[in-house]
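The file coords-v8.cif comes next; it holds mmCIF, N, CA and C atoms.
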data_model
#
loop_
_atom_site.label_atom_id
_atom_site.label_comp_id
_atom_site.auth_asym_id
_atom_site.auth_seq_id
_atom_site.Cartn_x
_atom_site.Cartn_y
_atom_site.Cartn_z
N MET A 1 -2.07 -13.16 -8.38
CA MET A 1 -1.73 -12.15 -7.39
C MET A 1 -0.73 -11.18 -7.99
N GLY A 2 -0.75 -9.95 -7.53
CA GLY A 2 0.17 -8.98 -8.08
C GLY A 2 0.46 -7.86 -7.12
N ALA A 3 1.41 -7.06 -7.54
CA ALA A 3 1.81 -5.89 -6.76
C ALA A 3 1.75 -4.69 -7.68
N ARG A 4 1.66 -3.53 -7.09
CA ARG A 4 1.56 -2.29 -7.86
C ARG A 4 2.35 -1.20 -7.14
N ILE A 5 3.10 -0.43 -7.91
CA ILE A 5 3.73 0.78 -7.40
C ILE A 5 3.02 1.93 -8.08
N THR A 6 2.49 2.83 -7.31
CA THR A 6 1.76 3.96 -7.86
C THR A 6 2.08 5.21 -7.04
N ASN A 7 1.54 6.32 -7.46
CA ASN A 7 1.80 7.59 -6.77
C ASN A 7 0.62 8.00 -5.91
N ALA A 8 0.93 8.53 -4.74
CA ALA A 8 -0.11 9.10 -3.89
C ALA A 8 -0.53 10.46 -4.42
N VAL A 9 0.38 11.13 -5.10
CA VAL A 9 0.12 12.46 -5.67
C VAL A 9 0.44 12.38 -7.15
N ARG A 10 -0.45 12.89 -7.98
CA ARG A 10 -0.34 12.73 -9.42
C ARG A 10 0.38 13.88 -10.11
N CYS A 11 0.96 14.77 -9.36
CA CYS A 11 1.68 15.90 -9.94
C CYS A 11 3.03 16.03 -9.24
N VAL A 12 3.86 16.89 -9.75
CA VAL A 12 5.14 17.16 -9.09
C VAL A 12 5.00 18.52 -8.41
N PRO A 13 4.82 18.50 -7.10
CA PRO A 13 4.60 19.75 -6.37
C PRO A 13 5.90 20.54 -6.22
N PRO A 14 5.78 21.82 -5.89
CA PRO A 14 6.99 22.63 -5.65
C PRO A 14 7.89 21.97 -4.60
N GLU A 15 9.17 21.99 -4.86
CA GLU A 15 10.18 21.40 -3.96
C GLU A 15 9.93 19.91 -3.74
N ASN A 16 9.11 19.30 -4.60
CA ASN A 16 8.81 17.87 -4.53
C ASN A 16 8.25 17.45 -3.17
N LYS A 17 7.55 18.36 -2.51
CA LYS A 17 6.93 18.07 -1.21
C LYS A 17 5.44 18.37 -1.30
N PRO A 18 4.61 17.34 -1.49
CA PRO A 18 3.18 17.58 -1.62
C PRO A 18 2.56 18.09 -0.32
N THR A 19 1.61 18.97 -0.46
CA THR A 19 0.88 19.48 0.69
C THR A 19 -0.21 18.48 1.07
N PRO A 20 -0.71 18.55 2.29
CA PRO A 20 -1.83 17.67 2.66
C PRO A 20 -3.02 17.84 1.72
N ASN A 21 -3.27 19.06 1.26
CA ASN A 21 -4.39 19.29 0.34
C ASN A 21 -4.16 18.59 -0.99
N GLU A 22 -2.94 18.62 -1.51
CA GLU A 22 -2.64 17.92 -2.76
C GLU A 22 -2.81 16.42 -2.61
N VAL A 23 -2.38 15.88 -1.48
CA VAL A 23 -2.53 14.44 -1.24
C VAL A 23 -4.02 14.09 -1.17
N ALA A 24 -4.80 14.89 -0.46
CA ALA A 24 -6.24 14.63 -0.34
C ALA A 24 -6.94 14.77 -1.68
N THR A 25 -6.54 15.74 -2.48
CA THR A 25 -7.15 15.95 -3.80
C THR A 25 -6.90 14.76 -4.71
N CYS A 26 -5.73 14.16 -4.61
CA CYS A 26 -5.36 13.04 -5.48
C CYS A 26 -5.86 11.69 -4.96
N ARG A 27 -6.29 11.63 -3.72
CA ARG A 27 -6.67 10.34 -3.12
C ARG A 27 -7.76 9.61 -3.90
N PRO A 28 -8.79 10.27 -4.44
CA PRO A 28 -9.80 9.51 -5.21
C PRO A 28 -9.21 8.76 -6.39
N PHE A 29 -8.19 9.31 -7.04
CA PHE A 29 -7.53 8.60 -8.14
C PHE A 29 -6.85 7.33 -7.62
N LEU A 30 -6.19 7.45 -6.47
CA LEU A 30 -5.52 6.30 -5.86
C LEU A 30 -6.54 5.25 -5.43
N GLU A 31 -7.63 5.69 -4.81
CA GLU A 31 -8.67 4.75 -4.39
C GLU A 31 -9.24 3.99 -5.59
N HIS A 32 -9.49 4.71 -6.67
CA HIS A 32 -10.03 4.08 -7.88
C HIS A 32 -9.04 3.06 -8.44
N GLU A 33 -7.78 3.43 -8.48
CA GLU A 33 -6.76 2.52 -9.02
C GLU A 33 -6.69 1.24 -8.19
N ILE A 34 -6.66 1.38 -6.88
CA ILE A 34 -6.59 0.21 -6.00
C ILE A 34 -7.83 -0.67 -6.18
N ALA A 35 -8.99 -0.04 -6.23
CA ALA A 35 -10.24 -0.79 -6.36
C ALA A 35 -10.32 -1.53 -7.70
N SER A 36 -9.69 -1.00 -8.72
CA SER A 36 -9.77 -1.62 -10.05
C SER A 36 -8.83 -2.81 -10.21
N LEU A 37 -7.93 -2.99 -9.28
CA LEU A 37 -6.95 -4.08 -9.37
C LEU A 37 -7.45 -5.27 -8.53
N GLU A 38 -8.24 -6.12 -9.14
CA GLU A 38 -8.93 -7.19 -8.42
C GLU A 38 -7.99 -8.20 -7.75
N ARG A 39 -6.85 -8.45 -8.33
CA ARG A 39 -5.93 -9.45 -7.78
C ARG A 39 -4.78 -8.83 -7.00
N LEU A 40 -4.92 -7.58 -6.62
CA LEU A 40 -3.85 -6.89 -5.91
C LEU A 40 -3.59 -7.56 -4.56
N ALA A 41 -2.35 -7.92 -4.31
CA ALA A 41 -1.98 -8.59 -3.07
C ALA A 41 -1.01 -7.77 -2.23
N ALA A 42 -0.31 -6.83 -2.88
CA ALA A 42 0.70 -6.06 -2.16
C ALA A 42 0.81 -4.67 -2.74
N VAL A 43 1.12 -3.72 -1.87
CA VAL A 43 1.38 -2.35 -2.27
C VAL A 43 2.70 -1.93 -1.64
N LEU A 44 3.56 -1.35 -2.44
CA LEU A 44 4.82 -0.81 -1.95
C LEU A 44 4.65 0.69 -1.76
N CYS A 45 4.82 1.15 -0.54
CA CYS A 45 4.72 2.57 -0.23
C CYS A 45 6.13 3.14 -0.14
N LEU A 46 6.39 4.12 -0.99
CA LEU A 46 7.69 4.78 -0.99
C LEU A 46 7.59 6.05 -0.16
N GLY A 47 7.87 5.93 1.11
CA GLY A 47 7.85 7.06 2.02
C GLY A 47 6.57 7.15 2.83
N ASN A 48 6.63 7.99 3.85
CA ASN A 48 5.53 8.13 4.79
C ASN A 48 4.29 8.75 4.16
N ILE A 49 4.45 9.65 3.19
CA ILE A 49 3.28 10.26 2.54
C ILE A 49 2.48 9.19 1.82
N SER A 50 3.15 8.33 1.09
CA SER A 50 2.48 7.24 0.40
C SER A 50 1.82 6.29 1.40
N HIS A 51 2.54 5.95 2.42
CA HIS A 51 2.03 5.06 3.47
C HIS A 51 0.73 5.61 4.07
N ALA A 52 0.76 6.88 4.47
CA ALA A 52 -0.42 7.50 5.09
C ALA A 52 -1.58 7.59 4.10
N SER A 53 -1.27 7.85 2.84
CA SER A 53 -2.33 7.97 1.84
C SER A 53 -3.02 6.63 1.59
N ILE A 54 -2.26 5.57 1.51
CA ILE A 54 -2.86 4.24 1.33
C ILE A 54 -3.75 3.91 2.53
N LEU A 55 -3.25 4.17 3.73
CA LEU A 55 -4.07 3.90 4.92
C LEU A 55 -5.36 4.70 4.87
N ALA A 56 -5.28 5.95 4.45
CA ALA A 56 -6.47 6.80 4.36
C ALA A 56 -7.48 6.25 3.35
N CYS A 57 -6.98 5.63 2.29
CA CYS A 57 -7.88 5.01 1.30
C CYS A 57 -8.77 3.96 1.94
N PHE A 58 -8.27 3.32 2.97
CA PHE A 58 -9.02 2.26 3.64
C PHE A 58 -9.62 2.71 4.97
N GLY A 59 -9.53 4.02 5.24
CA GLY A 59 -10.09 4.56 6.48
C GLY A 59 -9.34 4.14 7.73
N LEU A 60 -8.04 3.84 7.57
CA LEU A 60 -7.22 3.39 8.69
C LEU A 60 -6.36 4.52 9.23
N ARG A 61 -6.06 4.46 10.50
CA ARG A 61 -5.22 5.48 11.14
C ARG A 61 -3.74 5.11 11.05
N PRO A 62 -2.89 6.07 10.71
CA PRO A 62 -1.45 5.80 10.66
C PRO A 62 -0.89 5.30 12.00
N SER A 63 -1.48 5.73 13.10
CA SER A 63 -0.96 5.30 14.41
C SER A 63 -1.13 3.79 14.62
N ALA A 64 -2.05 3.18 13.91
CA ALA A 64 -2.27 1.73 14.03
C ALA A 64 -1.32 0.94 13.14
N HIS A 65 -0.72 1.61 12.17
CA HIS A 65 0.19 0.96 11.21
C HIS A 65 1.34 1.93 10.96
N LYS A 66 2.30 1.97 11.84
CA LYS A 66 3.37 2.96 11.77
C LYS A 66 4.32 2.68 10.60
N PHE A 67 4.71 3.77 9.93
CA PHE A 67 5.67 3.68 8.83
C PHE A 67 7.07 3.37 9.38
N ALA A 68 7.74 2.45 8.74
CA ALA A 68 9.15 2.16 9.03
C ALA A 68 9.72 1.45 7.82
N HIS A 69 10.91 1.80 7.45
CA HIS A 69 11.51 1.11 6.30
C HIS A 69 11.56 -0.39 6.59
N GLY A 70 11.09 -1.16 5.62
CA GLY A 70 11.09 -2.61 5.74
C GLY A 70 9.88 -3.18 6.46
N ALA A 71 9.00 -2.31 6.94
CA ALA A 71 7.82 -2.80 7.66
C ALA A 71 6.83 -3.42 6.68
N GLU A 72 6.08 -4.39 7.18
CA GLU A 72 5.00 -5.01 6.42
C GLU A 72 3.75 -4.96 7.29
N HIS A 73 2.68 -4.49 6.71
CA HIS A 73 1.41 -4.38 7.43
C HIS A 73 0.35 -5.16 6.66
N VAL A 74 -0.41 -5.96 7.37
CA VAL A 74 -1.52 -6.66 6.77
C VAL A 74 -2.78 -5.86 7.10
N LEU A 75 -3.42 -5.36 6.06
CA LEU A 75 -4.61 -4.54 6.24
C LEU A 75 -5.83 -5.43 6.46
N PRO A 76 -6.91 -4.89 7.02
CA PRO A 76 -8.08 -5.72 7.33
C PRO A 76 -8.64 -6.50 6.12
N ASN A 77 -8.46 -5.98 4.91
CA ASN A 77 -8.96 -6.68 3.73
C ASN A 77 -7.97 -7.73 3.20
N GLY A 78 -6.85 -7.92 3.91
CA GLY A 78 -5.85 -8.92 3.53
C GLY A 78 -4.73 -8.39 2.66
N LEU A 79 -4.86 -7.17 2.17
CA LEU A 79 -3.81 -6.55 1.36
C LEU A 79 -2.58 -6.33 2.23
N HIS A 80 -1.41 -6.62 1.68
CA HIS A 80 -0.15 -6.41 2.40
C HIS A 80 0.46 -5.09 1.93
N LEU A 81 0.78 -4.26 2.88
CA LEU A 81 1.39 -2.97 2.62
C LEU A 81 2.85 -3.06 3.07
N PHE A 82 3.76 -2.81 2.14
CA PHE A 82 5.20 -2.85 2.42
C PHE A 82 5.74 -1.43 2.37
N ASP A 83 6.59 -1.09 3.34
CA ASP A 83 7.16 0.26 3.42
C ASP A 83 8.62 0.28 3.02
N SER A 84 8.98 1.35 2.33
CA SER A 84 10.38 1.64 2.03
C SER A 84 10.57 3.14 2.12
N TYR A 85 11.76 3.54 2.50
CA TYR A 85 12.08 4.95 2.35
C TYR A 85 11.92 5.29 0.88
N HIS A 86 11.54 6.51 0.60
CA HIS A 86 11.41 6.95 -0.79
C HIS A 86 12.78 6.92 -1.45
N CYS A 87 12.82 6.51 -2.70
CA CYS A 87 14.11 6.40 -3.40
C CYS A 87 14.51 7.73 -4.04
N SER A 88 14.38 8.79 -3.27
CA SER A 88 14.77 10.12 -3.72
C SER A 88 16.28 10.26 -3.69
N ARG A 89 16.74 11.24 -4.40
CA ARG A 89 18.18 11.52 -4.42
C ARG A 89 18.70 11.82 -3.01
N LEU A 90 17.91 12.56 -2.22
CA LEU A 90 18.33 12.87 -0.86
C LEU A 90 18.56 11.59 -0.06
N ASN A 91 17.62 10.66 -0.12
CA ASN A 91 17.76 9.43 0.66
C ASN A 91 18.87 8.52 0.15
N THR A 92 19.05 8.46 -1.16
CA THR A 92 20.10 7.59 -1.69
C THR A 92 21.49 8.21 -1.56
N ASN A 93 21.60 9.51 -1.75
CA ASN A 93 22.91 10.16 -1.62
C ASN A 93 23.42 10.19 -0.18
N THR A 94 22.52 10.22 0.77
CA THR A 94 22.92 10.26 2.19
C THR A 94 23.10 8.86 2.77
N GLY A 95 22.70 7.84 2.01
CA GLY A 95 22.82 6.47 2.52
C GLY A 95 21.66 6.04 3.40
N ARG A 96 20.67 6.90 3.56
CA ARG A 96 19.50 6.50 4.35
C ARG A 96 18.82 5.30 3.70
N LEU A 97 18.85 5.29 2.36
CA LEU A 97 18.34 4.15 1.60
C LEU A 97 19.44 3.68 0.66
N THR A 98 19.83 2.43 0.82
CA THR A 98 20.84 1.84 -0.07
C THR A 98 20.14 0.91 -1.05
N ALA A 99 20.84 0.57 -2.10
CA ALA A 99 20.30 -0.38 -3.07
C ALA A 99 19.95 -1.70 -2.39
N ALA A 100 20.81 -2.16 -1.50
CA ALA A 100 20.55 -3.42 -0.80
C ALA A 100 19.29 -3.35 0.06
N MET A 101 19.08 -2.22 0.72
CA MET A 101 17.87 -2.05 1.54
C MET A 101 16.61 -2.10 0.68
N PHE A 102 16.65 -1.41 -0.45
CA PHE A 102 15.49 -1.37 -1.34
C PHE A 102 15.25 -2.74 -1.96
N GLU A 103 16.30 -3.40 -2.39
CA GLU A 103 16.17 -4.73 -2.98
C GLU A 103 15.62 -5.74 -1.99
N ALA A 104 15.96 -5.58 -0.71
CA ALA A 104 15.44 -6.49 0.31
C ALA A 104 13.92 -6.36 0.44
N VAL A 105 13.41 -5.14 0.37
CA VAL A 105 11.96 -4.95 0.43
C VAL A 105 11.30 -5.56 -0.82
N LEU A 106 11.89 -5.31 -1.98
CA LEU A 106 11.34 -5.88 -3.21
C LEU A 106 11.34 -7.41 -3.17
N ALA A 107 12.38 -8.00 -2.59
CA ALA A 107 12.45 -9.46 -2.48
C ALA A 107 11.33 -10.00 -1.59
N ARG A 108 11.02 -9.28 -0.52
CA ARG A 108 9.94 -9.71 0.37
C ARG A 108 8.59 -9.64 -0.34
N ILE A 109 8.41 -8.59 -1.16
CA ILE A 109 7.16 -8.48 -1.92
C ILE A 109 7.08 -9.63 -2.93
N LYS A 110 8.16 -9.88 -3.62
CA LYS A 110 8.20 -10.96 -4.60
C LYS A 110 7.87 -12.30 -3.93
N ALA A 111 8.44 -12.54 -2.76
CA ALA A 111 8.14 -13.78 -2.04
C ALA A 111 6.67 -13.84 -1.64
N HIS A 112 6.12 -12.70 -1.24
CA HIS A 112 4.72 -12.67 -0.81
C HIS A 112 3.77 -12.97 -1.97
N ILE A 113 4.04 -12.40 -3.13
CA ILE A 113 3.12 -12.60 -4.26
C ILE A 113 3.43 -13.88 -5.03
N GLY A 114 4.53 -14.54 -4.68
CA GLY A 114 4.84 -15.83 -5.26
C GLY A 114 5.35 -15.82 -6.69
N THR A 115 6.17 -14.81 -7.00
CA THR A 115 6.74 -14.79 -8.34
C THR A 115 8.22 -15.04 -8.30
#

I'd like the structure from this file rewritten - as structure tokens, please.
Amino acid sequence: MGARITNAVRCVPPENKPTPNEVATCRPFLEHEIASLERLAAVLCLGNISHASILACFGLRPSAHKFAHGAEHVLPNGLHLFDSYHCSRLNTNTGRLTAAMFEAVLARIKAHIGT
């Protein structure tokens, strides 16, 4: 079993804020990456954009799996989706995301995958 951290968008958009079109354009790369990881047990989503993009890969609605820091969602195929605020400078400098908060999510993923 394993976990993977990947990007929903494969480029650095202006102001580091991807547009919905950029996210949709990059989704096939994300879908391919997920499909190629046969033993994938967990995905860490850094922020709501990542969360929504992973759900879209599986044809799921965000309203059925709401983003929240520290949330864990079990998808219909058994994959566990873990949410964290994005570790951007804005979130870390303002204290919205602390090292302890991020480490707690990582610890839960580690416990889930059994490493």

Write out as a tab-separated table (two decimals) with N, CA and C atoms, in the coordinates of the input which residues come within 6.5 Å of region 22-34 of chain A when counting all atoms listed in the file, dropping same-chain ones fewer than 3 positions away.
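Once everything was written out, this is selection38.tsv:
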chain	number	residue	atom	x	y	z
A	7	ASN	N	1.54	6.32	-7.46
A	7	ASN	CA	1.80	7.59	-6.77
A	7	ASN	C	0.62	8.00	-5.91
A	8	ALA	N	0.93	8.53	-4.74
A	8	ALA	CA	-0.11	9.10	-3.89
A	8	ALA	C	-0.53	10.46	-4.42
A	9	VAL	N	0.38	11.13	-5.10
A	9	VAL	CA	0.12	12.46	-5.67
A	9	VAL	C	0.44	12.38	-7.15
A	10	ARG	N	-0.45	12.89	-7.98
A	10	ARG	CA	-0.34	12.73	-9.42
A	10	ARG	C	0.38	13.88	-10.11
A	18	PRO	N	4.61	17.34	-1.49
A	18	PRO	CA	3.18	17.58	-1.62
A	18	PRO	C	2.56	18.09	-0.32
A	19	THR	N	1.61	18.97	-0.46
A	19	THR	CA	0.88	19.48	0.69
A	19	THR	C	-0.21	18.48	1.07
A	37	LEU	N	-7.93	-2.99	-9.28
A	37	LEU	CA	-6.95	-4.08	-9.37
A	37	LEU	C	-7.45	-5.27	-8.53
A	38	GLU	N	-8.24	-6.12	-9.14
A	38	GLU	CA	-8.93	-7.19	-8.42
A	38	GLU	C	-7.99	-8.20	-7.75
A	57	CYS	N	-6.98	5.63	2.29
A	57	CYS	CA	-7.88	5.01	1.30
A	57	CYS	C	-8.77	3.96	1.94

**Q.** Spatial neighbours of Leu75 (chain A), max dist 9 Å, only C-alpha atoms, sep filter under 5 positions, as a list of chain:residue names
**A.** A:Leu55, A:Phe58, A:Leu60, A:His65, A:His80, A:Leu81

Quick check, in Å to one decimal: how far apart do atom C of Asn77 (chain A) and atom N of Val43 (chain A) lie?
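Straight-line distance from atom C of Asn77 (chain A) to atom N of Val43 (chain A) works out to 11.2 Å.
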
Mind the document's chain letters and residue numbers, and return as a PyMOL selection string the residues of chain A that DSSP labels strand (DSSP E or B). chain A and resi 2-4+40-46+72-74+80-84

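Listed by chain and then by number, the residues chosen by the PyMOL selection byres ((chain A and resi 44) around 5) in this file are A:Arg4, A:Ala42, A:Val43, A:Cys45, A:Leu46, A:Phe82.
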
**Study point:** Expected selection from the PyMOL selection byres ((chain A and resi 72) around 6), given as a list in words
**Key:**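 After applying the PyMOL selection byres ((chain A and resi 72) around 6), what remains is Gly70, Ala71, His73, Val74, Leu81, Phe82 and Asp83 of chain A.
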
Subject >> A:Ala68, A:Leu97, A:Ile49, A:Leu79 ranked by distance to Ile113 (chain A), top pick (using only C-alpha atoms) >> reply: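 Result for the nearest residue to Ile113 (chain A): A:Leu79.
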